[in-house]
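> File name target_14.txt; file contents compact mmCIF, C-alpha atoms and all ligand atoms; full text below.
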# COMPACT_ATOMS: atom_id res chain seq x y z
CA MET A 1 33.08 -17.39 -24.50
CA ILE A 2 30.76 -19.31 -22.14
CA THR A 3 27.12 -19.95 -23.03
CA VAL A 4 24.81 -21.86 -20.72
CA GLU A 5 21.28 -22.44 -22.02
CA ASN A 6 18.52 -24.01 -19.96
CA LEU A 7 20.95 -26.11 -17.94
CA GLU A 8 19.16 -28.67 -15.82
CA LYS A 9 20.79 -31.26 -13.57
CA TYR A 10 19.09 -33.87 -11.45
CA TYR A 11 20.97 -36.17 -9.09
CA GLY A 12 18.35 -38.90 -8.71
CA ASP A 13 15.31 -36.99 -7.45
CA THR A 14 17.32 -33.92 -6.40
CA LEU A 15 17.09 -30.97 -8.77
CA ALA A 16 20.49 -29.28 -8.37
CA VAL A 17 20.31 -26.82 -11.30
CA ASP A 18 16.97 -25.64 -12.63
CA ARG A 19 16.87 -24.20 -16.18
CA LEU A 20 19.87 -21.93 -15.76
CA SER A 21 20.89 -19.64 -18.64
CA PHE A 22 23.64 -17.04 -18.85
CA SER A 23 26.56 -16.08 -21.04
CA LEU A 24 29.93 -14.46 -20.48
CA ALA A 25 32.27 -12.71 -22.91
CA PRO A 26 36.07 -12.64 -23.01
CA GLY A 27 37.48 -10.39 -20.29
CA GLN A 28 34.57 -10.81 -17.90
CA ILE A 29 34.97 -12.07 -14.35
CA CYS A 30 31.78 -13.54 -12.89
CA GLY A 31 31.34 -14.11 -9.16
CA LEU A 32 29.14 -17.15 -8.59
CA VAL A 33 27.42 -16.79 -5.24
CA GLY A 34 24.64 -18.53 -3.37
CA LYS A 35 23.93 -20.43 -0.19
CA ASN A 36 25.20 -23.96 0.46
CA GLY A 37 23.54 -26.34 -1.97
CA ALA A 38 22.47 -23.57 -4.38
CA GLY A 39 24.00 -25.42 -7.35
CA LYS A 40 27.29 -23.53 -7.84
CA THR A 41 29.65 -26.52 -7.99
CA THR A 42 27.22 -28.47 -10.19
CA THR A 43 27.09 -25.54 -12.62
CA MET A 44 30.88 -25.24 -12.81
CA ARG A 45 31.39 -28.97 -13.21
CA ALA A 46 28.85 -29.01 -16.03
CA ILE A 47 30.66 -26.17 -17.84
CA ALA A 48 33.95 -28.06 -17.37
CA GLY A 49 32.40 -31.17 -18.93
CA LEU A 50 32.87 -33.17 -15.73
CA LEU A 51 29.23 -34.18 -15.42
CA THR A 52 26.46 -34.85 -17.89
CA PRO A 53 23.56 -32.43 -17.64
CA THR A 54 20.05 -33.81 -17.56
CA ASP A 55 19.10 -31.19 -20.15
CA GLY A 56 20.33 -27.96 -21.71
CA SER A 57 23.31 -26.92 -23.80
CA LEU A 58 26.74 -25.60 -22.91
CA THR A 59 29.39 -24.07 -25.13
CA VAL A 60 32.89 -22.82 -24.40
CA ALA A 61 34.70 -20.76 -27.03
CA GLY A 62 32.11 -21.89 -29.56
CA PHE A 63 32.70 -25.60 -28.87
CA ASP A 64 29.99 -27.88 -27.51
CA VAL A 65 31.02 -29.07 -24.05
CA LEU A 66 29.47 -32.52 -24.40
CA SER A 67 30.49 -33.48 -27.93
CA GLN A 68 33.87 -31.70 -28.22
CA PRO A 69 35.60 -32.48 -24.90
CA ILE A 70 39.15 -32.29 -26.23
CA GLU A 71 38.65 -28.77 -27.56
CA ILE A 72 37.19 -27.79 -24.17
CA ARG A 73 40.09 -29.31 -22.16
CA ARG A 74 42.64 -27.33 -24.16
CA ARG A 75 40.91 -24.04 -23.42
CA LEU A 76 39.47 -24.47 -19.95
CA ALA A 77 40.91 -24.89 -16.47
CA TYR A 78 38.75 -25.96 -13.52
CA VAL A 79 40.17 -25.80 -10.01
CA PRO A 80 37.92 -27.45 -7.40
CA ASP A 81 38.02 -26.42 -3.74
CA ASP A 82 39.99 -29.55 -2.82
CA PRO A 83 42.21 -30.00 -5.88
CA PRO A 84 43.22 -33.55 -6.74
CA LEU A 85 47.03 -33.69 -6.87
CA PHE A 86 49.48 -36.54 -7.32
CA ASN A 87 50.64 -36.99 -3.73
CA ASP A 88 53.99 -38.53 -4.68
CA LEU A 89 54.92 -35.89 -7.25
CA SER A 90 56.74 -32.74 -6.22
CA VAL A 91 55.56 -29.23 -7.01
CA GLY A 92 58.04 -28.99 -9.89
CA GLN A 93 57.01 -32.41 -11.24
CA HIS A 94 53.37 -31.33 -11.32
CA LEU A 95 54.26 -28.34 -13.48
CA ASP A 96 56.49 -30.49 -15.71
CA PHE A 97 53.60 -32.92 -16.14
CA ILE A 98 51.09 -30.21 -17.08
CA GLY A 99 53.64 -28.48 -19.32
CA GLY A 100 54.19 -31.79 -21.15
CA VAL A 101 50.51 -32.73 -21.46
CA TYR A 102 49.57 -29.30 -22.81
CA GLN A 103 52.81 -28.94 -24.80
CA VAL A 104 53.58 -25.55 -23.30
CA PRO A 105 56.70 -24.10 -24.97
CA ASP A 106 59.41 -23.15 -22.41
CA HIS A 107 57.11 -24.32 -19.64
CA ARG A 108 59.92 -24.26 -17.03
CA GLN A 109 60.40 -20.53 -17.43
CA GLN A 110 56.70 -19.86 -16.97
CA ALA A 111 56.52 -22.35 -14.12
CA GLU A 112 59.30 -20.50 -12.27
CA ALA A 113 57.46 -17.20 -12.68
CA LEU A 114 54.21 -18.73 -11.38
CA LEU A 115 55.95 -20.35 -8.40
CA GLU A 116 57.52 -17.02 -7.55
CA GLU A 117 54.20 -15.18 -7.90
CA PHE A 118 52.46 -17.66 -5.55
CA GLU A 119 55.41 -17.93 -3.13
CA LEU A 120 56.06 -21.61 -3.81
CA LEU A 121 59.64 -21.41 -5.12
CA ASP A 122 61.11 -22.94 -1.98
CA LYS A 123 58.64 -25.85 -2.27
CA ARG A 124 59.67 -26.80 -5.80
CA ALA A 125 61.09 -30.17 -4.64
CA THR A 126 58.42 -30.84 -2.00
CA ALA A 127 55.96 -33.68 -2.58
CA ALA A 128 52.31 -32.67 -2.81
CA ARG A 129 51.52 -34.82 0.25
CA ALA A 130 53.68 -32.48 2.36
CA LEU A 131 51.99 -29.25 1.27
CA SER A 132 49.54 -27.31 3.41
CA ARG A 133 45.97 -26.87 2.18
CA GLY A 134 46.64 -23.35 0.94
CA MET A 135 49.84 -24.48 -0.81
CA ARG A 136 47.93 -27.27 -2.56
CA GLN A 137 45.45 -24.73 -3.77
CA LYS A 138 48.21 -22.43 -4.98
CA LEU A 139 49.89 -25.32 -6.83
CA ALA A 140 46.59 -26.24 -8.52
CA ILE A 141 46.19 -22.60 -9.60
CA CYS A 142 49.77 -22.54 -10.97
CA CYS A 143 49.04 -25.76 -12.93
CA ALA A 144 45.84 -24.18 -14.29
CA TYR A 145 47.60 -20.97 -15.34
CA LEU A 146 50.54 -22.76 -16.97
CA TYR A 147 48.73 -23.55 -20.21
CA SER A 148 47.06 -20.11 -20.44
CA PRO A 149 43.43 -21.26 -20.59
CA SER A 150 40.90 -18.88 -22.07
CA VAL A 151 38.30 -19.98 -19.51
CA ILE A 152 39.18 -20.29 -15.81
CA LEU A 153 36.71 -21.80 -13.32
CA LEU A 154 37.65 -21.59 -9.65
CA ASP A 155 35.46 -23.23 -6.99
CA GLU A 156 35.87 -21.54 -3.60
CA PRO A 157 39.53 -20.67 -4.22
CA LEU A 158 39.85 -18.20 -1.35
CA THR A 159 39.03 -20.46 1.58
CA GLY A 160 42.48 -21.97 2.07
CA LEU A 161 44.55 -18.93 1.12
CA ASP A 162 46.22 -16.42 3.43
CA PRO A 163 45.53 -12.68 2.83
CA PRO A 164 48.63 -12.14 0.61
CA GLY A 165 47.67 -15.30 -1.31
CA ILE A 166 44.13 -13.97 -1.82
CA ARG A 167 45.49 -10.65 -3.08
CA THR A 168 47.90 -12.41 -5.46
CA LEU A 169 45.13 -14.63 -6.82
CA LEU A 170 42.63 -11.81 -7.35
CA GLN A 171 45.24 -9.59 -9.03
CA SER A 172 46.31 -12.47 -11.27
CA LEU A 173 42.67 -13.08 -12.30
CA GLN A 174 42.28 -9.40 -13.19
CA ARG A 175 45.43 -9.55 -15.34
CA ARG A 176 44.26 -12.71 -17.11
CA ALA A 177 40.81 -11.24 -17.73
CA ALA A 178 42.42 -8.06 -19.09
CA ALA A 179 44.34 -10.31 -21.50
CA GLY A 180 41.04 -11.87 -22.68
CA ALA A 181 40.31 -14.78 -20.33
CA THR A 182 36.81 -15.41 -18.98
CA VAL A 183 36.66 -16.26 -15.30
CA ILE A 184 34.00 -17.77 -13.03
CA LEU A 185 34.85 -17.60 -9.35
CA SER A 186 32.56 -19.12 -6.73
CA SER A 187 32.86 -17.76 -3.24
CA HIS A 188 30.99 -17.08 -0.02
CA LEU A 189 33.42 -14.23 0.74
CA LEU A 190 31.52 -11.55 -1.15
CA ALA A 191 33.36 -8.60 0.31
CA MET A 192 36.63 -10.01 -1.00
CA ILE A 193 35.52 -10.63 -4.57
CA GLU A 194 33.20 -7.71 -5.29
CA ASP A 195 35.92 -5.40 -6.55
CA VAL A 196 37.25 -7.86 -9.13
CA CYS A 197 33.92 -9.18 -10.47
CA SER A 198 32.51 -7.44 -13.52
CA HIS A 199 29.46 -9.72 -13.26
CA LEU A 200 27.57 -11.70 -10.66
CA LEU A 201 25.43 -14.79 -10.86
CA VAL A 202 23.36 -15.26 -7.73
CA MET A 203 21.90 -18.76 -7.42
CA GLN A 204 19.24 -20.05 -5.09
CA ALA A 205 17.82 -23.58 -5.13
CA GLY A 206 19.37 -24.22 -8.55
CA LYS A 207 17.90 -21.11 -10.16
CA SER A 208 19.38 -17.79 -11.18
CA GLN A 209 18.10 -15.02 -8.92
CA PHE A 210 20.30 -12.41 -10.55
CA PHE A 211 22.70 -12.37 -13.44
CA GLY A 212 24.29 -9.20 -14.70
CA PRO A 213 26.92 -6.55 -14.06
CA THR A 214 27.93 -6.19 -10.41
CA ASP A 215 26.98 -2.50 -10.45
CA LEU A 216 23.46 -3.38 -11.56
CA LEU A 217 22.94 -5.55 -8.48
CA ARG A 218 24.08 -2.64 -6.33
CA LYS A 219 21.78 -0.21 -8.19
CA GLN A 220 18.78 -2.51 -7.96
CA ASN A 221 19.36 -2.75 -4.22
CA ASP A 222 20.34 0.87 -3.67
CA GLN A 223 19.58 0.74 0.04
CA SER A 224 22.33 -1.86 0.39
CA GLN A 225 25.68 -0.47 1.51
CA THR A 226 27.65 -3.49 0.46
CA LEU A 227 27.43 -6.26 -2.09
CA GLU A 228 26.87 -8.66 0.78
CA GLU A 229 23.72 -6.77 1.80
CA ALA A 230 22.57 -6.73 -1.83
CA PHE A 231 23.14 -10.49 -1.99
CA PHE A 232 21.03 -11.08 1.12
CA ALA A 233 18.35 -8.79 -0.28
CA THR A 234 18.33 -10.73 -3.55
CA THR A 235 18.15 -14.12 -1.92
CA THR A 236 15.51 -13.21 0.70
CA TRP A 237 13.11 -10.85 -1.08
CA LEU A 238 12.14 -13.29 -3.77
CA PRO A 239 9.92 -16.30 -3.31
CA THR A 240 11.71 -19.47 -4.44
CA GLY A 241 11.37 -19.99 -8.15
CA GLU A 242 10.78 -16.35 -9.15
CA GLU A 243 13.36 -14.93 -11.56
CA PHE A 244 14.95 -11.58 -10.76
CA PRO A 245 13.91 -9.21 -13.54
CA CYS A 246 17.21 -8.28 -15.04
CA PRO A 247 18.37 -7.70 -18.59
CA VAL A 248 21.01 -10.15 -19.80
CA PRO A 249 23.97 -8.09 -21.03
CA GLN A 250 25.09 -8.67 -24.60
N1 LIG B 301 26.94 -36.23 -6.32
C1 LIG B 301 25.75 -35.80 -5.85
N2 LIG B 301 24.76 -36.68 -5.61
C2 LIG B 301 23.55 -36.28 -5.16
N3 LIG B 301 23.23 -34.99 -4.89
C3 LIG B 301 24.18 -34.07 -5.09
C4 LIG B 301 25.50 -34.42 -5.59
N4 LIG B 301 26.23 -33.30 -5.70
C5 LIG B 301 25.43 -32.29 -5.30
N5 LIG B 301 24.21 -32.74 -4.94
C6 LIG B 301 23.06 -31.93 -4.49
O1 LIG B 301 22.84 -30.94 -5.48
C7 LIG B 301 22.52 -29.70 -4.87
C8 LIG B 301 23.53 -28.64 -5.35
O2 LIG B 301 24.82 -28.99 -4.85
P1 LIG B 301 26.13 -28.14 -5.24
O3 LIG B 301 27.30 -28.89 -4.70
O4 LIG B 301 26.09 -27.85 -6.67
O5 LIG B 301 25.86 -26.79 -4.42
P2 LIG B 301 26.86 -25.59 -4.05
O6 LIG B 301 26.12 -24.33 -4.33
O7 LIG B 301 28.16 -25.77 -4.72
O8 LIG B 301 27.02 -25.78 -2.49
P3 LIG B 301 28.21 -25.35 -1.46
O9 LIG B 301 28.19 -23.86 -1.33
O10 LIG B 301 27.80 -26.03 -0.19
O11 LIG B 301 29.49 -25.90 -2.03
C9 LIG B 301 22.50 -29.94 -3.37
O12 LIG B 301 21.16 -30.20 -3.00
C10 LIG B 301 23.36 -31.20 -3.20
O13 LIG B 301 22.93 -31.94 -2.08
Take the structure in the file and give it back as structure tokens.
Ligand SMILES: Nc1ncnc2c1ncn2[C@@H]1O[C@H](COP(=O)(O)OP(=O)(O)OP(=O)(O)O)[C@@H](O)[C@H]1O


Amino acid sequence: MITVENLEKYYGDTLAVDRLSFSLAPGQICGLVGKNGAGKTTTMRAIAGLLTPTDGSLTVAGFDVLSQPIEIRRRLAYVPDDPPLFNDLSVGQHLDFIGGVYQVPDHRQQAEALLEEFELLDKRATAARALSRGMRQKLAICCAYLYSPSVILLDEPLTGLDPPGIRTLLQSLQRRAAAGATVILSSHLLAMIEDVCSHLLVMQAGKSQFFGPTDLLRKQNDQSQTLEEAFFATTTWLPTGEEFPCPVPQ
């Protein structure tokens, strides 16, 4: 569903992503982890077609991200950590707008169910400018879910959410993956995402230090009690630039 081959991105002289390759199948949830500046957001924005890579190729659902942007937009949702909303539109108007743009049949019915799931029903008439940070994030997630994308990219979605909101989001991602969606979720809160991630991509200085099933990272660091310890082991044992020897799952 997602194929990244030799992705490279320079911002001027800064190498943000360095020859990154990985692929994900339908139903897989990949946790994207790494220190600040590791290249996570750049990678997600490249997959979403929001920036032009310096080199490499990217496909989503068999479509080329660069040359077939309309096919990508129909199938992919990207929610950044500070989602851009229309400040003067209400919660309900946002969902009407997305439902119209993506021609979602009976979008109001689905919108109601999403607002209920994310505890936003009583904010239906509230303008986006009057929402809290967590509510803005929840609204952006509802907008993303409304058109049932087959690829969902979430950049640091947990930071603004309260504990029930985090549980709702993670459960909803598991349900969507079980129905065939592919998810990439970047987060620094490893303990919170480890149970839902089938796969992990650990980045350091733009490179992949590990990509594979979450259990494999645990096994390869069997002295680590938690995924967080395994992450620190992975990002401190290796000299910068050395690839973690790990088979890429088919
Ligand atoms: N628009 C930009 N212009 C110049 N350099 C940039 C730009 N965006 C990112 N960078 C640089 O690219 C590198 C990767 O940044 P990126 O935002 O992808 O990292 P990240 O892993 O998402 O970080 P964080 O965890 O802090 O969000 C960093 O060195 C950053 O300074």

> Pull the closest atom pair for each residue of chain A that gets at most 8 Å from ligand LIG 301 (chain B), along with the distance in Å to one decimal, counting only C-alpha atoms and all ligand atoms, ordering rows by chain and then ascending residue number, as JSON lines.


{"residue": "A:Tyr10", "atom": "CA", "partner": "B:LIG301", "partner_atom": "O1", "distance": 7.6}
{"residue": "A:Tyr11", "atom": "CA", "partner": "B:LIG301", "partner_atom": "C2", "distance": 4.7}
{"residue": "A:Gly12", "atom": "CA", "partner": "B:LIG301", "partner_atom": "C2", "distance": 6.8}
{"residue": "A:Thr14", "atom": "CA", "partner": "B:LIG301", "partner_atom": "N3", "distance": 6.2}
{"residue": "A:Leu15", "atom": "CA", "partner": "B:LIG301", "partner_atom": "O1", "distance": 6.6}
{"residue": "A:Ala16", "atom": "CA", "partner": "B:LIG301", "partner_atom": "C7", "distance": 4.1}
{"residue": "A:Val17", "atom": "CA", "partner": "B:LIG301", "partner_atom": "C8", "distance": 7.0}
{"residue": "A:Val33", "atom": "CA", "partner": "B:LIG301", "partner_atom": "O6", "distance": 7.7}
{"residue": "A:Gly34", "atom": "CA", "partner": "B:LIG301", "partner_atom": "O6", "distance": 6.1}
{"residue": "A:Lys35", "atom": "CA", "partner": "B:LIG301", "partner_atom": "O9", "distance": 5.6}
{"residue": "A:Asn36", "atom": "CA", "partner": "B:LIG301", "partner_atom": "O10", "distance": 3.4}
{"residue": "A:Gly37", "atom": "CA", "partner": "B:LIG301", "partner_atom": "O5", "distance": 3.4}
{"residue": "A:Ala38", "atom": "CA", "partner": "B:LIG301", "partner_atom": "O6", "distance": 3.7}
{"residue": "A:Gly39", "atom": "CA", "partner": "B:LIG301", "partner_atom": "O4", "distance": 3.3}
{"residue": "A:Lys40", "atom": "CA", "partner": "B:LIG301", "partner_atom": "O6", "distance": 3.8}
{"residue": "A:Thr41", "atom": "CA", "partner": "B:LIG301", "partner_atom": "O7", "distance": 3.7}
{"residue": "A:Thr42", "atom": "CA", "partner": "B:LIG301", "partner_atom": "O4", "distance": 3.7}
{"residue": "A:Thr43", "atom": "CA", "partner": "B:LIG301", "partner_atom": "O4", "distance": 6.5}
{"residue": "A:Glu156", "atom": "CA", "partner": "B:LIG301", "partner_atom": "O11", "distance": 7.9}
{"residue": "A:Ser187", "atom": "CA", "partner": "B:LIG301", "partner_atom": "O9", "distance": 7.9}
{"residue": "A:His188", "atom": "CA", "partner": "B:LIG301", "partner_atom": "O9", "distance": 7.5}
{"residue": "A:Met203", "atom": "CA", "partner": "B:LIG301", "partner_atom": "O6", "distance": 7.6}
{"residue": "A:Ala205", "atom": "CA", "partner": "B:LIG301", "partner_atom": "C8", "distance": 7.6}
{"residue": "A:Gly206", "atom": "CA", "partner": "B:LIG301", "partner_atom": "C8", "distance": 6.9}

> Could you jot down the CA of Leu185 in chain A to CA of Ile152 in chain A separation for me, Å, one decimal place?

8.2 Å

> Contacts of Val79 in chain A at 12 Å or less, counting all atoms listed in the file, minus same-chain residues fewer than 6 places along, as number ranges by chain?

A: 41, 44-45, 48, 50, 85, 136-145, 149, 151-158, 183-186

> Any idea what the distance is between CA of Asp82 in chain A and CA of Arg133 in chain A?

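Interatomic distance, CA of Asp82 in chain A to CA of Arg133 in chain A: 8.2 Å.
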
> Between A:Ser150, A:Gln171, A:Gln93, A:Gln110, single out the one closest to Lys123 in chain A, counting all atoms listed in the file.

A:Gln93

> From the list A:Asp88, A:Pro26, A:Met135, A:Thr3, which residue is nearest Ala177 in chain A when using all atoms listed in the file?

A:Pro26

> Quick check, in Å to one decimal: how far apart do CA of Ile166 in chain A and CA of Leu131 in chain A lie?

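CA of Ile166 in chain A sits 17.5 Å away from CA of Leu131 in chain A.
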
> Measuring between all atoms listed in the file, which one of A:Leu189, A:Asn6, A:Ala113, A:Asp13 shows the shortest distance to Gly160 in chain A?

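With all atoms listed in the file as the atom set, the closest residue is A:Leu189.
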
> Find the residue from A:Arg175, A:Ala61, A:Leu115, A:Leu227 that sits nearest to Leu200 in chain A; use all atoms listed in the file when measuring.

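Smallest distance to Leu200 in chain A is found for A:Leu227.
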
> Using all atoms listed in the file, can you tell me which of A:Ala191, A:Pro164, A:Leu121, A:Leu7 comes closest to Thr54 in chain A?

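Selected residue with least distance to Thr54 in chain A: A:Leu7.
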
> Compare A:Gly49, A:Thr214, A:Phe97, A:Gly56 by their minimum atom-to-atom distance to Gln68 in chain A, counting all atoms listed in the file, and give me the closest one.

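Ranked by minimum distance to Gln68 in chain A, first place goes to A:Gly49.
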